[in-house]
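Presented below is the structure to which this report refers.
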There are 6 protein chains.
Amino acid sequence: MTKKHLSPLPRLLVEDAVRMALKEDLGRAGDITTDAIIAPDARIRAVIRARRAGRIAGLDLAQSAFGMLDENISFERCVNDGEDAGAGEDVVRISGLARAVLSAERVALNYLGHMSGIATMTRELVALTKGTKAQICDTRKTTPGLRLFEKYAVKAGGGANHRFGLDDAVLIKDNHIAAAGGIASAIGAARANAGHMVKVEVEVDTLEQLDLALGCDVDAVLLDNMDPATLAEAVRRIDGKALAEASGGVNAATVAGIAASGVDLISVGALTHSAPVLDLGLDF
Amino acid sequence: MTKKHLSPLPRLLVEDAVRMALKEDLGRAGDITTDAIIAPDARIRAVIRARRAGRIAGLDLAQSAFGMLDENISFERCVNDGEDAGAGEDVVRISGLARAVLSAERVALNYLGHMSGIATMTRELVALTKGTKAQICDTRKTTPGLRLFEKYAVKAGGGANHRFGLDDAVLIKDNHIAAAGGIASAIGAARANAGHMVKVEVEVDTLEQLDLALGCDVDAVLLDNMDPATLAEAVRRIDGKALAEASGGVNAATVAGIAASGVDLISVGALTHSAPVLDLGLDF
Amino acid sequence: MTKKHLSPLPRLLVEDAVRMALKEDLGRAGDITTDAIIAPDARIRAVIRARRAGRIAGLDLAQSAFGMLDENISFERCVNDGEDAGAGEDVVRISGLARAVLSAERVALNYLGHMSGIATMTRELVALTKGTKAQICDTRKTTPGLRLFEKYAVKAGGGANHRFGLDDAVLIKDNHIAAAGGIASAIGAARANAGHMVKVEVEVDTLEQLDLALGCDVDAVLLDNMDPATLAEAVRRIDGKALAEASGGVNAATVAGIAASGVDLISVGALTHSAPVLDLGLDF
Amino acid sequence: MTKKHLSPLPRLLVEDAVRMALKEDLGRAGDITTDAIIAPDARIRAVIRARRAGRIAGLDLAQSAFGMLDENISFERCVNDGEDAGAGEDVVRISGLARAVLSAERVALNYLGHMSGIATMTRELVALTKGTKAQICDTRKTTPGLRLFEKYAVKAGGGANHRFGLDDAVLIKDNHIAAAGGIASAIGAARANAGHMVKVEVEVDTLEQLDLALGCDVDAVLLDNMDPATLAEAVRRIDGKALAEASGGVNAATVAGIAASGVDLISVGALTHSAPVLDLGLDF
Amino acid sequence: MTKKHLSPLPRLLVEDAVRMALKEDLGRAGDITTDAIIAPDARIRAVIRARRAGRIAGLDLAQSAFGMLDENISFERCVNDGEDAGAGEDVVRISGLARAVLSAERVALNYLGHMSGIATMTRELVALTKGTKAQICDTRKTTPGLRLFEKYAVKAGGGANHRFGLDDAVLIKDNHIAAAGGIASAIGAARANAGHMVKVEVEVDTLEQLDLALGCDVDAVLLDNMDPATLAEAVRRIDGKALAEASGGVNAATVAGIAASGVDLISVGALTHSAPVLDLGLDF
Amino acid sequence: MTKKHLSPLPRLLVEDAVRMALKEDLGRAGDITTDAIIAPDARIRAVIRARRAGRIAGLDLAQSAFGMLDENISFERCVNDGEDAGAGEDVVRISGLARAVLSAERVALNYLGHMSGIATMTRELVALTKGTKAQICDTRKTTPGLRLFEKYAVKAGGGANHRFGLDDAVLIKDNHIAAAGGIASAIGAARANAGHMVKVEVEVDTLEQLDLALGCDVDAVLLDNMDPATLAEAVRRIDGKALAEASGGVNAATVAGIAASGVDLISVGALTHSAPVLDLGLDF
């Protein structure tokens, strides 16, 4: 198991999220359409199908949605999280109570489509950086309440995760530097107060700032909005003494050039804030 | 007040959402970077600025995020929800404790950017249907946990809201019809079981199905994936006896043609599942 | 399935409610009487019996209460929700761990008695309006936290449900009209702002107000505190253009007269705020 | 302060309850009628008025409901909890934002009417037992989720509180006795396992059982379904060695006779499960 | 079952606590070490072993922790709650998914070690008072959120429980007496306002105060910080008219002398606020 | 601000914790003693005083407890978190409603005493390692639900924080190594799967294991249960290539010797699982 793999999401957190989403959709009175029309014991077969090709993520959430309304649901995965589905391909085959399938459909697809959309955009950028050492990673620009799931989707797309919140790593930005009176004192304050298992990264806008940062004890530098040539020079100066992360202006047109500069990481906010849904449908 | 306006989101629900999001970001240990570097009593001035032009939505959530960390924050709105900001324009001017501003920044912008993105996409489709009677409306294809806020953003963009969940209106789809043994019996079952304050809409794929539906007591018909010509014929047959809603294949290229068919509503899933964020930044 | 039937309550909501109620009763230390006296593996048989005749509602909640304390409980229903039990008749036969049965008894009976009381009062009013088109329906005058269950009980008694909350339908009252400067502008504002799947009802106190309302686009009119003769005239004027709902002063003595006026609906707050419990006991 | 008085409900619990109730009523989209029609800054004056005479209870909940939607609301109490309001008398005068008053009205009245109904029924039974030593007290036959508030209402009506749950006192019933193999061993088990600050009561159906109970260490005996003559004999035998509580068949017709038997307490399930609402209205 | 035994903790409350604790430890991203290294289907055998001798308490919580991450876990108890484990003795044998065992280990041991520490200290004091009538009991000096579990551990150690909170018994302290203007009026106010199933205890510092208290209707007296001789005199004066509880300065050196004074109870805050953990380890 | 300081706990998390603790203590009926005896408007002055010398931590929680019951409470700190109080010294002076002070006293002191106990034990170990580079740090052996507060108390005592949970750093233990088939592959798997902002520590029991670990990319090594001489040799071999953390058998007698070995960190489970409370009292 020495290589990268995708570990399942913690079940407790999946269940909490799905229960919340089902309650949001069922409201006070439940699925009044289905309850009025479909017999309680009617059964149904259905298929979740990819209408476009993409990378799948979120099947545990989808399964949990159906399972909460019919604990005996059959949910057969044709594609797993982290794998690709072709256009028109079956992703899941479902069989169970018709009421459960119809009432949970939207919640299941909302999670699955959103997360697969993120995984698909990630996969595309990962593919464009193939052959370089650069990993595509996410940011904290996530949808409120969905950070865990969105970061999991980034991994499913072949990307890596930046910090999960304000508390699990230090990232010093320009305002922190200004308030501290300089890069060195900002880093010093962070090291003095953060625990020994906490990494420290500092954002720099120029090569001059980079040099200052490299004079301090930093684990990573965030090279903000630099062009590929400047990035390459930055990588040269860093020379393995810290991780080099590029950020800003990353898209399908620019990512290969950025990666070629030799940076270790390329962080992309759009993965989690602007990826369009992957179009998936439930067919009967 | 006889015309359309934008009512504030219920404060209780805004606070719950923002508290959840702050906790997600602060984690167990809080903002360890800011706490290490910024003095507790340091104050700051900052501006939320639109990096691109767009329609603003979500200011109450942003204000609440800052306010929960500094109850005396000053949060001056230069643009209101439902109004447009030009590229580079100030949206909000903030003044308060530096720690609060820095620690709440991401949560505030995550809400504001996401909702403004939705409002902006809505506004664009609304503009393209100007001069027709068609309203742009949303669907239940929303991000789990954010339905209220996303539907509010659609209104801020000039759109209208479809049902909020499975319980506040009946929408009969093809599976319901199949299970009930036909359109008439599906509608009959819905009417018999739903309360008298509940509207009933039925989805039809063909003009033949439409004719069957119009023979029943329906409030609205969802015309699924029809081309503009068919839509126009459908509108002619409906003749005001029900609301006509077009759905499927709606985008900036097609929406004007669909609207010209005379339908009352055009529902668009992409508004809430695929709108890219509106790029907003916090400058100091 | 084209006629009225009673769909089960959403299981997720039933479980949340029962868990809350058990915790309220168990407090911090649990059932100290039963725990002190009854052996952990002792088993018991018991019967829930109707001490008076009535309409049953709430069995899912009762079953859930016992089931949460003994997941292998046997809970055999002799009467179903929506059916009548005679005085002295067995409603449920239970067999399981004695501790679970004794500790959950009160929560189970509190839900079942309360809901069956509502169903029984509803059934009585429904019987008194037989042969008319009038349906008996509920209001928002419900016990806080129990709206879903109380409205379900009304359906179990043969009644119909009015709106479930402030958000799923528009109901314009005299204060709204006064604030808007008249019925027409109030209705106009409601139509302009509510979604297309939302119905609009307006409350009128006089036939003059009714005429104004009928000049607007309303789905229903609430005829408040009118005598049967006035109601009949109102129904004549409405002439099928909107639903006619009578309200105010409804009780067993008056309901038949009101129903004879031809109204579509008779709403009764007492169903949910003043129905006495149905007397049910657990016998061993 | 040596006599009986009514202490305010814990504020933390009041706020939790009211927040839950407001969310239940506001649903996902809020008060769509009021938001559409009433201007955000419109102000209103209103009066909560008793339509029938009764004992008031629940003003803190009502005030909290309005206060959560308008923190500057003016809420002037003309009658306090535990005091009587005559028919037509003003109970509270309110002044504040019209939207807040209209949106919170139903939640406020639902609590206030329900609790005042309980207080009023309690007051009536208390009045009928005047001149005796008997106190009217409640049971655990309460509405799920409302036990605290219903027991407070009983105190507001001049009654006393029995135990609040399964954990704060021991009450041994016939099934416990049967399982333990007799009254003495049941009481023995309870004493051995309950803490020293816990009282023990035992339910007896006959004078023979009473004699057995009095041979043990009990704090109170519940005399179940005995006629006044038997109760009087029971009281004679108890002779102050334990508290005597009568239960079963208590109503306005029987309560004076029961009280005359000399019992210390008369417990009445109907107070909390069958008291009709006190009719209160909000007038503008 | 007439003697003291240990009833299982309410399952609903155990599950809530364990879920909270697992979420606290898993955070947002889960057990990143185990997920990276251990295969999802790897299985493991492990033993919870006592590194020092002690009394065990908390096995239901430990089992629930493992069970929430692997519902098929095998959890075989070699020692039960309320029993002693020798140094080096196996307490539980576990077999299940390696990921579940490793990820839940710390939460399981944190509960089990903490509660067993309390049980062990209690057992020691109980042993030192053998042959006297004195019971060792706890106080409200508990760790926030853990009162139920800590009081259960005291019972597992052979101790007894004082009140569980501010609401299940009256305990009048010096400040209450001062505010009421004397012991008699304080007790009078308590009796007048508390329900009939509530016991009343009063704290006294001197024999003079004791005499005043004994002139009133009290169920127990808390003899605060008295030496054994004074306690003996207090017990003589009380003469069975109330329970005698000693408090203050209780430890292993003093407890036997205090118990010899003839008091009924000795309350010890240190049981729940200062007991060191019982050292337990998970070996593979 | 480049040196170590103590940042306040996040207010949102403090309030959640205190609210939970107050509810646990108030139960369903509140403080029945105080409510019966103390007038609602009575005011009181009180002092929190250290009965023994110690390091203070937890004042924000104590203040919040009183403040939730009396929002106008005066809470004047004589000693701050992270400072020492001498025996008999005033820590806080309080003035406010007597009911609030008496009802919140226990919750406030339970938090303050528990956290100050941890800070005091930490301070003692820190003092014993003065002059060395070793920092005293905590573990995940914390009381469920209190991790944040206990780790804050360790900082208040002059210690440092290890990871907050399973998700914010990698710590590879012997079982992980066994499952992975060796130290190198375990570290490889961790690096491949954890994000770039996550540190990796590996536990070693011998110098041979240490050499293997140092051949890999690790940020820290946990030297488990080694004697000072072995630790010194380990430090020599590590030679600044990773952080050196000693663990196991740490107490007041051994800590100085361990620190003298030159390790960077000494982790001590007892800080959070076995520190006795700091004795603090509320005097009036």
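Labeling convention for the structure tokens: chains A, B, ... as they appear, residues from 1 per chain, ligands from 1 in order of appearance.
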Interface list for chain B, partner chain E, 12 Å threshold, only C-alpha atoms, as an MDAnalysis selection string = chainID B and resid 23:29
query = Do you know which residues are at most 8 Å from Leu210 in chain D counting only C-alpha atoms, after dropping those on the same chain fewer than 4 positions away, and could you put them as a ChimeraX atom specification?
reply = /D:204-206,214,221,234
Keeping only all heavy atoms, take the residues you just selected and write them out as a CSV table (one decimal), in the first residue's frame.
chain,number,residue,atom,x,y,z
D,204,VAL,N,-50.6,1.3,45.1
D,204,VAL,CA,-51.4,0.2,45.6
D,204,VAL,C,-52.8,0.3,45.2
D,204,VAL,O,-53.3,1.4,45.0
D,204,VAL,CB,-51.3,0.2,47.2
D,204,VAL,CG1,-49.9,0.0,47.7
D,204,VAL,CG2,-51.9,1.4,47.8
D,205,ASP,N,-53.4,-0.9,45.0
D,205,ASP,CA,-54.8,-0.9,44.5
D,205,ASP,C,-55.8,-1.2,45.6
D,205,ASP,O,-57.0,-1.0,45.4
D,205,ASP,CB,-54.9,-1.9,43.3
D,205,ASP,CG,-54.0,-1.6,42.2
D,205,ASP,OD1,-53.9,-0.4,41.9
D,205,ASP,OD2,-53.5,-2.6,41.6
D,206,THR,N,-55.3,-1.8,46.6
D,206,THR,CA,-56.2,-2.2,47.7
D,206,THR,C,-55.6,-1.9,49.1
D,206,THR,O,-54.4,-1.6,49.2
D,206,THR,CB,-56.3,-3.8,47.7
D,206,THR,OG1,-55.0,-4.4,48.0
D,206,THR,CG2,-56.8,-4.3,46.3
D,214,LEU,N,-46.9,-0.1,53.9
D,214,LEU,CA,-46.6,0.6,55.1
D,214,LEU,C,-45.7,-0.1,56.0
D,214,LEU,O,-45.1,0.5,56.9
D,214,LEU,CB,-48.0,1.0,55.8
D,214,LEU,CG,-48.9,2.0,55.1
D,214,LEU,CD1,-50.2,2.1,55.8
D,214,LEU,CD2,-48.1,3.3,54.9
D,221,VAL,N,-47.4,6.8,49.0
D,221,VAL,CA,-48.2,5.7,48.3
D,221,VAL,C,-49.1,6.3,47.4
D,221,VAL,O,-49.8,7.4,47.7
D,221,VAL,CB,-48.9,4.9,49.4
D,221,VAL,CG1,-47.9,4.0,50.1
D,221,VAL,CG2,-49.7,5.7,50.4
D,234,ALA,N,-57.7,4.6,53.9
D,234,ALA,CA,-56.3,4.5,53.6
D,234,ALA,C,-55.5,5.6,54.3
D,234,ALA,O,-54.4,5.4,54.9
D,234,ALA,CB,-56.1,4.6,52.1
ask   = Can you list, as a list in words, every protein, DNA or RNA residue that comes within 9 Å of Ile44 in chain D when you count only C-alpha atoms, leaving out same-chain residues fewer than 3 positions away?
value =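 That gives Ile94, Ser95, Gly96, Leu97, Ala98, Arg99, Val101 and Phe284 of chain D.
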inquiry  = Quick check for you: according to DSSP on this backbone, which residues of range 18-208 of chain D are classed as helix (DSSP H, G or I)? Reply as a VMD selection string.
reply    = chain D and resid 18 to 26 32 to 37 59 to 69 98 to 128 147 to 156 174 to 180 183 to 193 207 to 208
query = What lies within 7 Å of Arg123 in chain E using only C-alpha atoms, ignoring chain neighbours under 4 positions off, as a list in words?
reply =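 Within the cut-off, the hits are Ala119, Ala127, Gly157 and Gly158 of chain E.
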task = Skip Ala39 in chain A itself and residues of its chain fewer than 4 positions away, then list as a PyMOL selection string all residues within 9 Å of it, counting only C-alpha atoms.
result = (chain A and resi 34-35+43+98-99) or (chain B and resi 179-180) or (chain C and resi 1)
inquiry  = Set the distance at 12 Å and use only C-alpha atoms: which residues neighbour Val154 in chain F once local chain neighbours fewer than 5 positions away are removed? I'd like the list as a ChimeraX atom specification.
reply    = /A:195 /F:6,55-58,81-82,114-126,135-139,142,147-149,159-162,267-273,275
